[in-house]
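What follows is a short report on a single structure.
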Amino acid sequence: MDYNKLADLLYPTAVNTDVWENKYPKRELKTGAEVTRFAPSPTGSLHIGHFFQCLCDSYIAKSTGGLFFFRVEDTDKKREVEGSVDNAINTLEKFGIFYDEGVMKNGEEKGEYGPYLQSARTEIYRSYAKKLVASGRAYPCFCEKPENFEEVKEKRQEQLEENFALQQKDPCRDLSLEEVEQKLSQNKPFALRLKSLGDPEKSFKFKDEVKGEREIRENSKDIILIKSDGLPVYAFAHAVDDHLMRTTLVIRGEEWYPSLASHLELFDAMGFERVKYAHNPVISKIDENGGKRKISKRKDKEGNMAYFIETGYPVNSIKEYLLTLANSNFEIWRRQNPEKSLEEFEFKAEKITSSNPMFDFAKLNDISKTIISKMTAEEVYQELSRWASEFDKEFFEVISRDENYTKAVLNIDRETPKPRKDIAKMSDVKESVWGYMFNEYFKPEYELENANVENLKEVVATYTNIYNHADTKDEWFARIKEMSGGLGYAVDNKEFKANPEKFKGNVALVCEYIRIALTGRKNSPDLYSISQVLGENEVKRRFELLLKSI
RNA sequence: GGUUCCAUGGUAAAUCGGUUAAUACACCACCCUUUCACGGUGGAGUGGGGGGUUCGACUCCCCCUGGAAUCACCA
């Protein structure tokens, strides 16, 4: 078989690969510098696993003094979702992840190693395809392609049931030049397959940057390289692009690990220097049935990065949480360096665990609450209005109506040595933390279970008469105490504990009644601060509202 | 079913052959407190099972079990 002839037949116009090798020379970097990349396919919003990798990529590039680029793997036109590229770019921007090269908004690009959009690289792929054919390492396959994945699965199921018949080599593997010529003349579309020389009985040593030294079996599959639509498949595009873009470290999900051997064979067949790999664990969750499974972008809200943006988690909360999953020593570093910027953390690929971590909302929320508790009211306000202006326009109107009022609300129990930790995400402000401070969201639907309604009424009715907005905090409390005593509540808590039957309750209970009137709930921060921020008229109005409603 | 990866409390995990097996979140109790929180103190809870190797194993080896990934002209 004359492979050169076959190559000319298949790719008559493809240019020699030297053109590309010269156009994209090796990068000049100091030793140890890693070139990493984030290369999603534009199939909708960003998955948390992708973002996780992306975070690792950017950290490693930065901490080794290398560089990080952004490539778009748009080779599956069927699955493509419009707007995905912009969405990914926006997400990276929102999360403060900057890339040195790659696709930008409006279809522009920066960097000397582009195009960074795979669909714009077909000419390059054709050159390498031709080279591979010419060296006898790839061949055209004219077989009919499966309609869809369902069909593939059915076929697989059949194979399983017949005790999995061994996969045979592709029938097109040994087509003669004449046969190829004839099919081509009939305008039959073809896919390009790798002619694998591997033997799965043999294995070789390989060092994964996360998993360490591993032994893997050789690949023997004649994997598809270029689809019949002329676009490359992941493996081929990965090999060509990461070679030509001079990537040094490929960080990707563990789901790629099983196909690693075929990728390595491809690199070797094309004469490329191998890149290093770091296979990350897949972020999983415990599902409704108690089982563990990979987080799904479709089924799980936390699988979708958009969720965190839409609900208003500060970007650093998400980053810090993912960092604790990626490098478990991050948490210790953070405790030792509470004031340092995230960027100063020294990230290590080999510290990434190889077992799949479970996503834990409780932990994320704790991290986030701590971060927000350290912000000033002004900072929270900025974050809140930025979020609300995009995702809760109505609330945005409400909080911007009186900026100073909103800031005063956000400042309650904040400027203390031990600030409250109650906001995990911006949507909490309205929904579970401060809603009642705004008339629109103050619902006089009181939580009255276990409350003695008559006593509640009595306390509020009495208190509304003696309330003095000008009181200092001490005066304010003294007044409540005095009133409590007069109404038959224990002023001394020890006494109350000793003889609870002698009193209607204690001062704590009186406060609870006032709290119910003021906030509609049984928990809220310091009542004095709340009254002061609400203002005298509003305080009185709420007392009246309660007295009328019960 | 084949191949592969993984295995310390509920979750994230430290240890890298000798420890009362750290720590954080969550949980419980108590303290602080006018309430809710925050904070403080304490508590319960972990090496999947079975074989080896070793004076000694959570740590090394083997088997089993369990979980996960993958087996597309998808990435």
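Within each chain, counting starts at residue 1; across the structure tokens, chains are named A, B, ... in the order shown, with ligands numbered 1 upward in that order.
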message: Quick check: residues of chain A within 8 Å of chain B, only C-alpha atoms (C1' of nucleotides), returned as a PyMOL selection string.
response: chain A and resi 40-41+73+76+145-146+149+152+160+163-164+191+224+226-228+233-234+254-255+258+292-293+324-325+328+331+354-358+360+362-363+366+418-422+477+507-509+511-512+515+522-527
Go ahead and write the residues just picked, C-alpha atoms, as a CSV table (one decimal), in the first residue's frame.
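Generated output (result-v9.csv):
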```
chain,number,residue,atom,x,y,z
A,40,PRO,CA,-14.7,23.6,27.5
A,41,SER,CA,-17.1,22.7,24.8
A,73,GLU,CA,-13.8,22.9,21.7
A,76,ASP,CA,-19.8,18.9,18.0
A,145,LYS,CA,-22.1,6.0,11.7
A,146,PRO,CA,-24.5,5.3,14.5
A,149,PHE,CA,-26.1,7.6,21.5
A,152,VAL,CA,-24.7,3.0,20.7
A,160,LEU,CA,-23.1,-7.5,27.0
A,163,ASN,CA,-21.3,-12.2,26.8
A,164,PHE,CA,-19.5,-9.4,25.1
A,191,ALA,CA,-14.2,9.2,9.0
A,224,ILE,CA,-12.0,8.0,15.3
A,226,ILE,CA,-11.9,13.0,12.3
A,227,LYS,CA,-15.6,12.6,11.9
A,228,SER,CA,-17.3,12.3,8.5
A,233,VAL,CA,-12.9,14.4,17.6
A,234,TYR,CA,-11.7,15.3,21.1
A,254,GLU,CA,-10.9,11.7,35.7
A,255,GLU,CA,-13.5,10.6,33.1
A,258,PRO,CA,-9.6,5.5,30.6
A,292,LYS,CA,-23.0,8.7,45.6
A,293,ARG,CA,-22.9,10.0,42.1
A,324,THR,CA,-10.5,23.3,50.1
A,325,LEU,CA,-11.7,20.4,48.0
A,328,SER,CA,-7.0,20.1,51.6
A,331,GLU,CA,-8.0,25.3,54.9
A,354,SER,CA,-7.7,11.1,43.9
A,355,SER,CA,-10.9,10.1,45.5
A,356,ASN,CA,-14.1,11.9,44.5
A,357,PRO,CA,-15.1,14.6,47.0
A,358,MET,CA,-18.8,15.1,47.9
A,360,ASP,CA,-21.1,19.9,50.9
A,362,ALA,CA,-23.1,23.2,54.8
A,363,LYS,CA,-19.4,23.7,54.5
A,366,ASP,CA,-20.0,28.3,56.5
A,418,LYS,CA,-17.5,38.9,66.7
A,419,PRO,CA,-19.8,39.8,63.9
A,420,ARG,CA,-22.9,37.8,63.0
A,421,LYS,CA,-22.5,35.0,60.5
A,422,ASP,CA,-25.8,34.9,58.9
A,477,PHE,CA,-33.2,47.5,78.6
A,507,VAL,CA,-37.4,38.9,80.5
A,508,ALA,CA,-36.3,36.7,77.7
A,509,LEU,CA,-39.9,35.8,77.0
A,511,CYS,CA,-38.2,40.1,74.5
A,512,GLU,CA,-39.5,37.3,72.4
A,515,ARG,CA,-39.4,40.5,68.7
A,522,LYS,CA,-38.7,34.4,66.9
A,523,ASN,CA,-35.2,35.1,65.9
A,524,SER,CA,-33.5,38.2,64.9
A,525,PRO,CA,-30.4,40.2,65.9
A,526,ASP,CA,-30.3,42.7,68.7
A,527,LEU,CA,-33.7,44.3,69.3
```
task: Give me the residues within 9 Å of A:Phe438 as a list in words, counting only C-alpha atoms (C1' of nucleotides) and dropping any in the same chain fewer than 5 places off.
output: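 So, after excluding close chain neighbours, the residues are Val398, Ile399, Thr406, Lys430 and Leu534 of chain A.
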field: Long-range neighbours of stretch 3-7 of chain A as number ranges by chain, 10 Å cut-off, only C-alpha atoms (C1' of nucleotides), 2 positions minimum in chain
entry: A: 1, 9-12, 14, 127, 129-140, 176-178, 180-181
- request: Can you work out the spacing between atom CA of A:Gly102 and atom CA of A:Leu244 in Å, to one decimal?
  value: 13.7 Å
- request: Pick out the closest residue to B:C58 from this set: B:G40, B:G17, B:G9, B:G45. Count only C-alpha atoms (C1' of nucleotides).
  value: B:G17
query: Interatomic distance between atom CA of A:Lys205 and atom C1' of B:U15?
result: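 Straight-line distance from atom CA of A:Lys205 to atom C1' of B:U15 works out to 28.1 Å.
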- request: DSSP on the backbone, then: every residue of stretch 154-254 of chain A marked alpha helix (DSSP H), written as an MDAnalysis selection string.
  value: chainID A and resid 154:161 177:185 234:244
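Residues lying within 6 Å of A:Pro200, counting only C-alpha atoms (C1' of nucleotides) and ignoring same-chain neighbours fewer than 6 positions away, are Arg217, Glu218 and Asn219 of chain A.
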Shell of 12 Å around A:Met375, only C-alpha atoms (C1' of nucleotides), local chain residues under 3 positions omitted, as a PyMOL selection string: chain A and resi 314+339+368-372+378-384+410-411+414-416+419-421+423
message: One number please: atom CA of A:Glu179 to atom CA of A:Leu225, in Å, one decimal.
response: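 Atom-to-atom, atom CA of A:Glu179 and atom CA of A:Leu225 are spaced 20.6 Å apart.
Every protein, DNA or RNA residue with an atom at most 9 Å from A:Ile550, where only C-alpha atoms (C1' of nucleotides) count and chain neighbours fewer than 4 positions away do not, is listed here: Val453, Lys457, Leu545 and Leu546 of chain A.
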Saved selection, atoms kept: C-alpha atoms, as a PDB file, in the first residue's frame:
```
ATOM      1  CA  VAL A 453     -51.503  35.234  72.793  1.00  0.00           C
ATOM      2  CA  LYS A 457     -50.950  41.231  73.570  1.00  0.00           C
ATOM      3  CA  LEU A 545     -50.380  46.133  63.478  1.00  0.00           C
ATOM      4  CA  LEU A 546     -49.876  43.269  65.876  1.00  0.00           C
TER       5      LEU A 546
END
```
query: What's the 9 Å shell around A:Val275, counting only C-alpha atoms (C1' of nucleotides), without same-chain residues fewer than 4 positions away, as a list in words?
result: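 The filter keeps Asp242, His243, Arg246, Thr247, Thr248, Leu249, Val250, Leu264 and Phe267 of chain A.
Selecting strand (DSSP E) from the backbone DSSP output for stretch 203-281 of chain A yields Ser203, Phe204, Lys205, Phe206, Lys207, Asp208, Gly212, Glu213, Arg214, Glu215, Ile216, Arg217, Ile224, Leu225, Ile226, Leu249, Val250, Ile251, Arg252, Gly253, Lys276, Tyr277, Ala278, His279 and Asn280 of chain A.
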